[in-house]
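> Take a look at entry31.pdb, PDB, C-alpha atoms:
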ATOM      1  CA  MET A   1     -61.668 -48.123 -15.796
ATOM      2  CA  SER A   2     -60.130 -45.516 -13.435
ATOM      3  CA  GLN A   3     -58.652 -42.359 -14.832
ATOM      4  CA  ALA A   4     -54.848 -42.066 -14.424
ATOM      5  CA  THR A   5     -53.782 -39.323 -12.084
ATOM      6  CA  GLN A   6     -51.690 -36.585 -13.636
ATOM      7  CA  SER A   7     -48.220 -36.261 -12.094
ATOM      8  CA  LYS A   8     -47.074 -32.912 -10.786
ATOM      9  CA  PRO A   9     -43.725 -31.468 -11.802
ATOM     10  CA  GLY A  10     -40.996 -32.064  -9.291
ATOM     11  CA  GLN A  11     -42.373 -35.404  -8.033
ATOM     12  CA  GLY A  12     -40.176 -38.451  -8.353
ATOM     13  CA  GLY A  13     -41.275 -41.956  -9.031
ATOM     14  CA  ARG A  14     -41.784 -44.129 -12.040
ATOM     15  CA  GLY A  15     -43.810 -42.480 -14.784
ATOM     16  CA  LYS A  16     -44.427 -39.322 -12.757
ATOM     17  CA  GLY A  17     -42.007 -36.957 -14.458
ATOM     18  CA  ALA A  18     -38.383 -36.120 -13.885
ATOM     19  CA  PRO A  19     -37.396 -35.208 -10.304
ATOM     20  CA  VAL A  20     -36.172 -31.682  -9.591
ATOM     21  CA  TYR A  21     -32.801 -31.390  -7.928
ATOM     22  CA  GLY A  22     -31.156 -28.425  -6.260
ATOM     23  CA  ARG A  23     -33.138 -25.544  -4.774
ATOM     24  CA  GLY A  24     -36.288 -26.239  -6.775
ATOM     25  CA  PRO A  25     -38.199 -23.951  -9.117
ATOM     26  CA  PRO A  26     -37.609 -20.177  -8.938
ATOM     27  CA  GLY A  27     -39.414 -18.464  -6.123
ATOM     28  CA  THR A  28     -39.347 -21.469  -3.790
ATOM     29  CA  GLU A  29     -36.063 -20.613  -2.036
ATOM     30  CA  SER A  30     -36.248 -20.369   1.709
ATOM     31  CA  SER A  31     -36.144 -16.929   3.266
ATOM     32  CA  ARG A  32     -33.687 -18.031   5.956
ATOM     33  CA  PRO A  33     -30.965 -15.351   6.407
ATOM     34  CA  ARG A  34     -27.404 -16.303   5.613
ATOM     35  CA  ARG A  35     -24.966 -16.808   8.431
ATOM     36  CA  PRO A  36     -22.555 -13.847   8.682
ATOM     37  CA  ARG A  37     -18.988 -14.582   7.698
ATOM     38  CA  ARG A  38     -16.667 -14.882  10.657
ATOM     39  CA  GLU A  39     -13.600 -12.687  10.322
ATOM     40  CA  PRO A  40     -10.296 -13.958  11.766
ATOM     41  CA  GLU A  41      -9.504 -12.396  15.098
ATOM     42  CA  GLU A  42      -6.213 -10.539  15.294
ATOM     43  CA  GLU A  43      -3.924 -11.855  17.998
ATOM     44  CA  VAL A  44      -2.860  -9.424  20.689
ATOM     45  CA  TRP A  45       0.907  -9.175  20.953
ATOM     46  CA  ILE A  46       2.255  -9.854  24.443
ATOM     47  CA  PRO A  47       5.999  -9.007  24.648
ATOM     48  CA  LYS A  48       8.189 -11.743  26.125
ATOM     49  CA  THR A  49      11.626 -10.110  25.955
ATOM     50  CA  ILE A  50      13.044  -6.979  27.560
ATOM     51  CA  LEU A  51      13.378  -5.369  24.138
ATOM     52  CA  GLY A  52       9.750  -6.156  23.344
ATOM     53  CA  GLN A  53       8.610  -4.636  26.631
ATOM     54  CA  LYS A  54      10.520  -1.425  25.878
ATOM     55  CA  VAL A  55       8.970  -1.210  22.412
ATOM     56  CA  ALA A  56       5.477  -1.823  23.801
ATOM     57  CA  ALA A  57       6.029   0.848  26.473
ATOM     58  CA  GLY A  58       7.163   3.398  23.870
ATOM     59  CA  GLU A  59      10.767   3.699  25.097
ATOM     60  CA  ILE A  60      12.034   2.600  21.643
ATOM     61  CA  THR A  61      10.275   4.109  18.645
ATOM     62  CA  SER A  62      12.353   3.088  15.607
ATOM     63  CA  VAL A  63      14.258   0.138  14.199
ATOM     64  CA  GLU A  64      17.395   2.276  13.836
ATOM     65  CA  GLU A  65      17.655   2.599  17.633
ATOM     66  CA  ILE A  66      17.664  -1.191  17.955
ATOM     67  CA  LEU A  67      20.285  -1.699  15.255
ATOM     68  CA  GLU A  68      22.551   1.070  16.540
ATOM     69  CA  ALA A  69      22.487  -0.486  20.004
ATOM     70  CA  GLY A  70      23.401  -3.882  18.519
ATOM     71  CA  LEU A  71      20.335  -5.609  19.973
ATOM     72  CA  ARG A  72      18.835  -8.725  18.502
ATOM     73  CA  ILE A  73      15.171  -8.777  17.463
ATOM     74  CA  GLN A  74      13.577 -12.036  18.558
ATOM     75  CA  GLU A  75       9.871 -11.186  18.384
ATOM     76  CA  PHE A  76       7.687 -10.802  15.342
ATOM     77  CA  GLY A  77       5.537  -8.204  17.098
ATOM     78  CA  ILE A  78       8.436  -5.739  17.527
ATOM     79  CA  ILE A  79       8.748  -5.133  13.789
ATOM     80  CA  LYS A  80       4.978  -5.113  13.370
ATOM     81  CA  LYS A  81       4.738  -2.425  16.055
ATOM     82  CA  LEU A  82       7.516  -0.202  14.694
ATOM     83  CA  LEU A  83       6.730  -0.699  10.980
ATOM     84  CA  PRO A  84       2.941  -1.078  10.653
ATOM     85  CA  ASP A  85       3.020  -0.423   6.891
ATOM     86  CA  LEU A  86       5.225  -3.445   6.145
ATOM     87  CA  LYS A  87       3.990  -5.646   3.276
ATOM     88  CA  SER A  88       4.786  -9.311   2.704
ATOM     89  CA  GLU A  89       4.825 -11.174  -0.601
ATOM     90  CA  VAL A  90       5.533 -14.807  -1.491
ATOM     91  CA  VAL A  91       8.568 -14.882  -3.787
ATOM     92  CA  ASP A  92       8.882 -18.603  -4.454
ATOM     93  CA  VAL A  93       7.438 -21.946  -3.334
ATOM     94  CA  GLY A  94       8.787 -25.442  -3.886
ATOM     95  CA  ILE A  95       8.731 -29.067  -2.788
ATOM     96  CA  ILE A  96      11.499 -30.893  -0.924
ATOM     97  CA  GLN A  97      11.546 -34.677  -1.261
ATOM     98  CA  LYS A  98      13.961 -37.145   0.294
ATOM     99  CA  MET A  99      14.122 -40.838   1.035
ATOM    100  CA  THR A 100      14.097 -42.016   4.642
ATOM    101  CA  SER A 101      13.983 -45.400   6.324
ATOM    102  CA  ASN A 102      10.166 -45.082   6.437
ATOM    103  CA  GLY A 103       9.832 -44.139   2.776
ATOM    104  CA  GLN A 104       9.709 -40.908   0.835
ATOM    105  CA  SER A 105       8.980 -37.731   2.801
ATOM    106  CA  THR A 106       7.631 -34.553   1.202
ATOM    107  CA  ARG A 107       7.873 -31.048   2.605
ATOM    108  CA  PHE A 108       7.084 -27.590   1.264
ATOM    109  CA  LYS A 109       9.508 -24.678   1.087
ATOM    110  CA  ALA A 110       8.509 -21.012   0.817
ATOM    111  CA  ILE A 111      10.482 -17.789   0.389
ATOM    112  CA  VAL A 112       8.772 -14.566   1.479
ATOM    113  CA  ALA A 113       9.947 -10.960   1.118
ATOM    114  CA  ALA A 114       8.760  -8.178   3.429
ATOM    115  CA  GLY A 115       9.185  -4.461   2.770
ATOM    116  CA  ASN A 116       7.465  -1.126   3.218
ATOM    117  CA  GLU A 117       8.533   0.323  -0.174
ATOM    118  CA  ASN A 118      10.360   3.054   1.711
ATOM    119  CA  GLY A 119      13.818   1.830   2.716
ATOM    120  CA  TYR A 120      13.233  -1.506   4.477
ATOM    121  CA  LEU A 121      13.527  -5.056   3.153
ATOM    122  CA  GLY A 122      13.686  -8.500   4.728
ATOM    123  CA  ILE A 123      13.706 -12.010   3.282
ATOM    124  CA  GLY A 124      12.801 -15.233   5.092
ATOM    125  CA  GLN A 125      12.538 -18.923   4.344
ATOM    126  CA  GLY A 126      10.248 -21.529   5.911
ATOM    127  CA  LYS A 127       9.741 -25.286   5.590
ATOM    128  CA  SER A 128       6.846 -27.465   6.717
ATOM    129  CA  LYS A 129       4.663 -30.394   5.706
ATOM    130  CA  GLN A 130       1.863 -27.897   5.001
ATOM    131  CA  MET A 131       2.176 -25.020   2.547
ATOM    132  CA  ARG A 132       0.304 -22.555   4.761
ATOM    133  CA  ILE A 133       2.555 -23.183   7.737
ATOM    134  CA  ALA A 134       5.670 -22.885   5.537
ATOM    135  CA  ILE A 135       4.510 -19.453   4.319
ATOM    136  CA  GLU A 136       3.759 -18.329   7.886
ATOM    137  CA  LYS A 137       7.229 -19.380   9.033
ATOM    138  CA  ALA A 138       8.855 -17.598   6.099
ATOM    139  CA  THR A 139       6.836 -14.430   6.795
ATOM    140  CA  SER A 140       7.898 -14.362  10.443
ATOM    141  CA  GLN A 141      11.521 -14.926   9.443
ATOM    142  CA  ALA A 142      11.329 -12.126   6.855
ATOM    143  CA  PHE A 143      10.054  -9.695   9.510
ATOM    144  CA  LEU A 144      12.871 -10.671  11.871
ATOM    145  CA  ASN A 145      15.474 -10.253   9.093
ATOM    146  CA  ILE A 146      14.337  -6.739   8.180
ATOM    147  CA  ASN A 147      17.193  -4.448   7.121
ATOM    148  CA  PRO A 148      17.306  -0.688   6.507
ATOM    149  CA  ILE A 149      18.478   0.519   3.101
ATOM    150  CA  LYS A 150      20.286   3.772   2.421
ATOM    151  CA  MET A 151      18.683   5.476  -0.558
ATOM    152  CA  GLY A 152      19.703   8.516  -2.573
ATOM    153  CA  CYS A 153      20.546   9.718  -6.068
ATOM    154  CA  GLY A 154      23.960   8.604  -7.272
ATOM    155  CA  SER A 155      23.367   9.163 -10.971
ATOM    156  CA  TRP A 156      25.559  11.778 -12.695
ATOM    157  CA  GLU A 157      22.730  12.338 -15.203
ATOM    158  CA  CYS A 158      20.218  13.334 -12.531
ATOM    159  CA  LYS A 159      22.045  14.889  -9.545
ATOM    160  CA  CYS A 160      18.796  15.582  -7.664
ATOM    161  CA  ASP A 161      18.246  15.532  -3.913
ATOM    162  CA  GLN A 162      15.468  12.920  -3.913
ATOM    163  CA  LYS A 163      15.792   9.364  -2.606
ATOM    164  CA  HIS A 164      14.723   7.372  -5.640
ATOM    165  CA  SER A 165      17.762   5.154  -6.274
ATOM    166  CA  VAL A 166      20.954   3.892  -4.614
ATOM    167  CA  PRO A 167      23.599   6.479  -3.639
ATOM    168  CA  PHE A 168      26.362   4.611  -5.513
ATOM    169  CA  LYS A 169      27.013   1.382  -7.378
ATOM    170  CA  VAL A 170      26.689  -1.682  -5.131
ATOM    171  CA  LYS A 171      27.394  -5.358  -5.666
ATOM    172  CA  GLY A 172      26.161  -8.382  -3.720
ATOM    173  CA  LYS A 173      26.469 -12.159  -3.873
ATOM    174  CA  GLY A 174      24.307 -15.070  -2.787
ATOM    175  CA  GLY A 175      25.346 -18.611  -3.684
ATOM    176  CA  SER A 176      26.231 -18.659  -7.381
ATOM    177  CA  VAL A 177      24.327 -15.442  -8.127
ATOM    178  CA  THR A 178      26.024 -12.029  -8.317
ATOM    179  CA  ILE A 179      23.907  -8.899  -8.704
ATOM    180  CA  GLU A 180      25.042  -5.340  -9.312
ATOM    181  CA  ILE A 181      22.804  -2.282  -8.904
ATOM    182  CA  ILE A 182      23.777   0.942 -10.690
ATOM    183  CA  PRO A 183      22.058   4.261  -9.881
ATOM    184  CA  ALA A 184      19.876   5.614 -12.690
ATOM    185  CA  PRO A 185      18.297   9.022 -13.416
ATOM    186  CA  ARG A 186      14.805   9.785 -12.226
ATOM    187  CA  GLY A 187      12.043   8.560 -14.522
ATOM    188  CA  LEU A 188      13.956   5.637 -16.030
ATOM    189  CA  GLY A 189      12.333   2.979 -13.845
ATOM    190  CA  LEU A 190      13.762  -0.349 -12.710
ATOM    191  CA  VAL A 191      15.683  -2.208 -15.420
ATOM    192  CA  ALA A 192      15.550  -5.713 -13.916
ATOM    193  CA  GLY A 193      13.887  -9.107 -14.223
ATOM    194  CA  GLY A 194      10.425  -9.862 -12.885
ATOM    195  CA  LYS A 195      11.149 -11.135  -9.372
ATOM    196  CA  ILE A 196      14.293  -9.055  -8.895
ATOM    197  CA  LYS A 197      12.303  -5.986  -9.897
ATOM    198  CA  ARG A 198       9.605  -6.804  -7.343
ATOM    199  CA  LEU A 199      12.188  -7.141  -4.561
ATOM    200  CA  LEU A 200      13.636  -3.739  -5.449
ATOM    201  CA  GLU A 201      10.129  -2.246  -5.454
ATOM    202  CA  LEU A 202       9.479  -3.617  -1.958
ATOM    203  CA  ALA A 203      12.754  -2.025  -0.856
ATOM    204  CA  GLY A 204      11.626   1.363  -2.182
ATOM    205  CA  LEU A 205      13.843   1.816  -5.257
ATOM    206  CA  LYS A 206      12.218   3.510  -8.240
ATOM    207  CA  ASP A 207      15.070   3.936 -10.740
ATOM    208  CA  ALA A 208      18.082   1.643 -11.194
ATOM    209  CA  TRP A 209      20.020  -0.465 -13.670
ATOM    210  CA  THR A 210      20.814  -4.052 -12.662
ATOM    211  CA  THR A 211      23.095  -6.796 -13.958
ATOM    212  CA  ALA A 212      22.899 -10.408 -12.779
ATOM    213  CA  LYS A 213      25.195 -13.378 -13.264
ATOM    214  CA  GLY A 214      24.695 -16.980 -12.257
ATOM    215  CA  SER A 215      21.621 -19.179 -11.833
ATOM    216  CA  THR A 216      19.084 -16.401 -11.297
ATOM    217  CA  PRO A 217      15.999 -18.721 -11.485
ATOM    218  CA  THR A 218      17.155 -20.118  -8.117
ATOM    219  CA  MET A 219      15.300 -17.605  -5.966
ATOM    220  CA  ASN A 220      16.996 -18.734  -2.764
ATOM    221  CA  SER A 221      20.343 -17.470  -4.037
ATOM    222  CA  THR A 222      18.900 -14.540  -5.999
ATOM    223  CA  SER A 223      16.971 -13.116  -3.035
ATOM    224  CA  LYS A 224      20.048 -13.386  -0.807
ATOM    225  CA  ALA A 225      22.135 -11.618  -3.466
ATOM    226  CA  VAL A 226      19.622  -8.753  -3.689
ATOM    227  CA  LEU A 227      19.529  -8.339   0.098
ATOM    228  CA  ASP A 228      23.337  -8.475   0.338
ATOM    229  CA  CYS A 229      23.561  -5.946  -2.485
ATOM    230  CA  LEU A 230      21.275  -3.469  -0.710
ATOM    231  CA  ARG A 231      23.169  -3.907   2.566
ATOM    232  CA  GLN A 232      26.251  -2.526   0.829
ATOM    233  CA  THR A 233      24.595   0.893   0.682
ATOM    234  CA  PHE A 234      25.947   1.474   4.224
ATOM    235  CA  SER A 235      29.496   0.420   3.355
ATOM    236  CA  GLN A 236      30.528   3.884   2.184
ATOM    237  CA  GLY A 237      29.710   7.391   3.249
TER     238      GLY A 237
END
Take the structure in this file and express it as structure tokens.

Amino acid sequence: MSQATQSKPGQGGRGKGAPVYGRGPPGTESSRPRRPRREPEEEVWIPKTILGQKVAAGEITSVEEILEAGLRIQEFGIIKKLLPDLKSEVVDVGIIQKMTSNGQSTRFKAIVAAGNENGYLGIGQGKSKQMRIAIEKATSQAFLNINPIKMGCGSWECKCDQKHSVPFKVKGKGGSVTIEIIPAPRGLGLVAGGKIKRLLELAGLKDAWTTAKGSTPTMNSTSKAVLDCLRQTFSQG
């Protein structure tokens, strides 16, 4: 009678022990080096408009020169060149559904805010069948809609010469939402809701009181009200 052969660990088959899945026992991993991670290449901006060519050549060095001349910014690279420290943040995302003759269609909607936390803020909206493309469209639109904000200290309790709040009380409206920003003394902080507070931080405000009326959870109207409110800082003085 022949002696039964003893099965080795890791071998499959009937009656030969449980098979080993994965990378195997410790110490048996291959010494093959990992493939280096490919970093996304940054696209080189090639100006297509006369304004873009002047910015690339260094003839225009600030956004204020463009706005004072009444020129229209049509290229994403112009703002990126003049304001390299601009940050973008997704404010809200949603789904748009509607019935068509071919059935129900679904699209994504994104709202993005862009600011440098030092007197500039822009808000954009994008729609697409893919979420990533909707965010990219909204980011480009936010850069093109960038607006300067006049900052100062309009609080009678503070009366300092630093630019930490709004110079006077301003009021803006977007849809059914009305927002009012009141200058506050230094050190108080931003008295506002979560997303409204973040928009004011991107604009560069550090101290302010805010009041809001209307359907503030609707970020489309709320973001427009905040931007309209900050634009009013140039209405006086």
> Where does the PyMOL selection byres ((chain A and resi 199) around 12) land in this file, that is, which residues does it pick, as a short mmCIF file (atom, residue, chain, number, x, y, z; two decimals) with C-alpha atoms, in the coordinates of the input?

data_model
loop_
_atom_site.label_atom_id
_atom_site.label_comp_id
_atom_site.auth_asym_id
_atom_site.auth_seq_id
_atom_site.Cartn_x
_atom_site.Cartn_y
_atom_site.Cartn_z
CA LYS A 87 3.99 -5.65 3.28
CA SER A 88 4.79 -9.31 2.70
CA GLU A 89 4.82 -11.17 -0.60
CA VAL A 90 5.53 -14.81 -1.49
CA VAL A 91 8.57 -14.88 -3.79
CA ASP A 92 8.88 -18.60 -4.45
CA ILE A 111 10.48 -17.79 0.39
CA VAL A 112 8.77 -14.57 1.48
CA ALA A 113 9.95 -10.96 1.12
CA ALA A 114 8.76 -8.18 3.43
CA GLY A 115 9.18 -4.46 2.77
CA ASN A 116 7.46 -1.13 3.22
CA GLU A 117 8.53 0.32 -0.17
CA GLY A 119 13.82 1.83 2.72
CA TYR A 120 13.23 -1.51 4.48
CA LEU A 121 13.53 -5.06 3.15
CA GLY A 122 13.69 -8.50 4.73
CA ILE A 123 13.71 -12.01 3.28
CA LEU A 190 13.76 -0.35 -12.71
CA ALA A 192 15.55 -5.71 -13.92
CA GLY A 193 13.89 -9.11 -14.22
CA GLY A 194 10.42 -9.86 -12.88
CA LYS A 195 11.15 -11.14 -9.37
CA ILE A 196 14.29 -9.06 -8.90
CA LYS A 197 12.30 -5.99 -9.90
CA ARG A 198 9.60 -6.80 -7.34
CA LEU A 200 13.64 -3.74 -5.45
CA GLU A 201 10.13 -2.25 -5.45
CA LEU A 202 9.48 -3.62 -1.96
CA ALA A 203 12.75 -2.02 -0.86
CA GLY A 204 11.63 1.36 -2.18
CA LEU A 205 13.84 1.82 -5.26
CA LYS A 206 12.22 3.51 -8.24
CA MET A 219 15.30 -17.60 -5.97
CA THR A 222 18.90 -14.54 -6.00
CA SER A 223 16.97 -13.12 -3.04
CA LYS A 224 20.05 -13.39 -0.81
CA ALA A 225 22.14 -11.62 -3.47
CA VAL A 226 19.62 -8.75 -3.69
CA LEU A 227 19.53 -8.34 0.10
CA CYS A 229 23.56 -5.95 -2.48
CA LEU A 230 21.28 -3.47 -0.71
#
> Taking (7.4, -34.9, 2.4) as a centre in this file's frame and 9 Å as the limit, can you find every polymer residue with an atom that close, using all atoms listed in the file, and give them as a ChimeraX atom specification?
/A:95-98,104-108,128-129
> Using only C-alpha atoms, which of the listed residues (A:Ile146, A:Ile46, A:Gly174, A:Arg186) sits closest to Leu67 (chain A)?
A:Ile146
> Given the file shown, determine the residues that the PyMOL selection byres ((chain A and resi 171) around 8) selects; report them as a PyMOL selection string.
chain A and resi 169-170+172-173+178-181+228-229+232
> Would you please work out which residue, of A:Ile182, A:Cys158, A:Ala142, A:Val166, is nearest to Leu86 (chain A) when using only C-alpha atoms?
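Selected residue with least distance to Leu86 (chain A): A:Ala142.
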> With all atoms of region 105-117 of chain A from the file as input, state the centre and edge lengths in Å to one decimal of the axis-aligned box that has 8 Å extra on each side, as lines of an AutoDock Vina configuration file.

center_x = 8.8
center_y = -18.7
center_z = 1.6
size_x = 19.4
size_y = 54.1
size_z = 19.6
> Can you list, as a short mmCIF file (atom, residue, chain, number, x, y, z; two decimals) with C-alpha atoms, in the coordinates of the input, the residues that the PyMOL selection byres ((chain A and resi 213) around 6) selects here?

data_model
loop_
_atom_site.label_atom_id
_atom_site.label_comp_id
_atom_site.auth_asym_id
_atom_site.auth_seq_id
_atom_site.Cartn_x
_atom_site.Cartn_y
_atom_site.Cartn_z
CA VAL A 177 24.33 -15.44 -8.13
CA THR A 178 26.02 -12.03 -8.32
CA ALA A 212 22.90 -10.41 -12.78
CA GLY A 214 24.70 -16.98 -12.26
#
> Using only C-alpha atoms for the distances, tell me which of A:Ala134, A:Asn102, A:Met151, A:Thr218 is nearest to Gly175 (chain A).
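Closest candidate: A:Thr218.
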> Counting only C-alpha atoms, which of A:Arg132, A:Lys80, A:Lys109, A:Arg35 gets nearest to Ser62 (chain A)?
A:Lys80
> What does the structure give for the distance between CA of Trp156 (chain A) and CA of Gly187 (chain A), in Å to one decimal?
14.0 Å
> Near region 70-79 of chain A, within 9 Å and counting all atoms listed in the file, which residues show up once chain neighbours fewer than 5 positions away are dropped, as a list in words?
Trp45, Ile46, Pro47, Lys48, Thr49, Leu51, Gly52, Val55, Ala56, Val63, Glu65, Pro84, Leu86, Ser140, Gln141, Phe143, Leu144, Asn145 and Ile146 of chain A
> With 7 Å as the threshold, what does the neighbourhood of (19.9, 5.7, -8.1) contain in terms of residues, counting all atoms listed in the file? Coordinates are those of the file; answer as JSON, numbers by chain.
{"A": [152, 153, 154, 155, 164, 165, 166, 167, 182, 183, 184, 185, 207, 208]}
> Have a look at A:Ala110, A:Met99, A:Leu83, A:Val93 and name the one nearest to Pro148 (chain A); count all atoms listed in the file.
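Among A:Ala110, A:Met99, A:Leu83, A:Val93, it is A:Leu83 that comes nearest to Pro148 (chain A).
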> How far is it from CA of Asn147 (chain A) to CA of Asn118 (chain A), in Å with one decimal?
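Going from CA of Asn147 (chain A) over to CA of Asn118 (chain A) covers 11.5 Å.
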> How many Å separate CA of Pro217 (chain A) from CA of Thr139 (chain A)?
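A separation of 20.9 Å between them.
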